[in-house]
Amino acid sequence: MLSLRANLGILFTAALLVSPAFASHVHRSPTAGTAHHTRRLVHRRSHRIRGQQAIEPERVMQIQQALIKAHYLAAEANGKWDATTIAAMQKYQADHGWQTKLTPDSRALEKLGLGPDYSNAINAKNSTFAAPPAGSAIPADQQAGFTAASGIDQ
């Protein structure tokens, strides 16, 4: 019995040691051992410029008029984004603590009163921008519903 177990152990160990020698395929990385190199084709794409490249003269005129009104520009509004206008805009932005490298800053335009106009927006049509009605204008049953929904006891 002992000899049978010993023979099986020796046979098993021999099988484990000999099997790598008879392996038919060795795994290698795709570039390991290659003698030639393939040249990659570089696809050159034309550089497309995106975004706004210049400020329209009408908008420059608006900005210049706002800078004149704010006492940052002494020249007349001419619709040209020239060095005087750039310097005035940069000074305005620096005085308010905003960046001065890129001009104009959206915060500066809004502060100058040149922000976006939402009066023609879809949800703004047929609506008024007046102050909301006083609390007494709300019907009593609706006011009671609001109070109950808020969870505040009065």
# chains A, B, ... in the order shown; residues from 1 in each chain; ligands from 1
$ residues_around --residues "segment 61-65 of chain A" --least-positions-apart "3" --cutoff "9 Å" --atoms "only C-alpha atoms" --output "JSON, numbers by chain"
{"A": [56, 57, 58, 68, 69, 70, 73, 75, 76, 77, 78, 79, 80, 81, 85, 88, 89, 109, 112, 114]}
$ atom_distance --atom1 "atom CA of Arg59 of chain A" --atom2 "atom CA of Asp105 of chain A"
13.7 Å
$ atom_distance --atom1 "atom CA of Phe146 of chain A" --atom2 "atom CA of Ala131 of chain A"
19.6 Å
$ atom_distance --atom1 "atom CA of Gln52 of chain A" --atom2 "atom CA of Glu110 of chain A"
18.3 Å
$ closest_residue --among "A:Gln53, A:Thr103, A:Thr13, A:Asn120" --to "Gln90 of chain A" --atoms "only C-alpha atoms"
A:Thr103
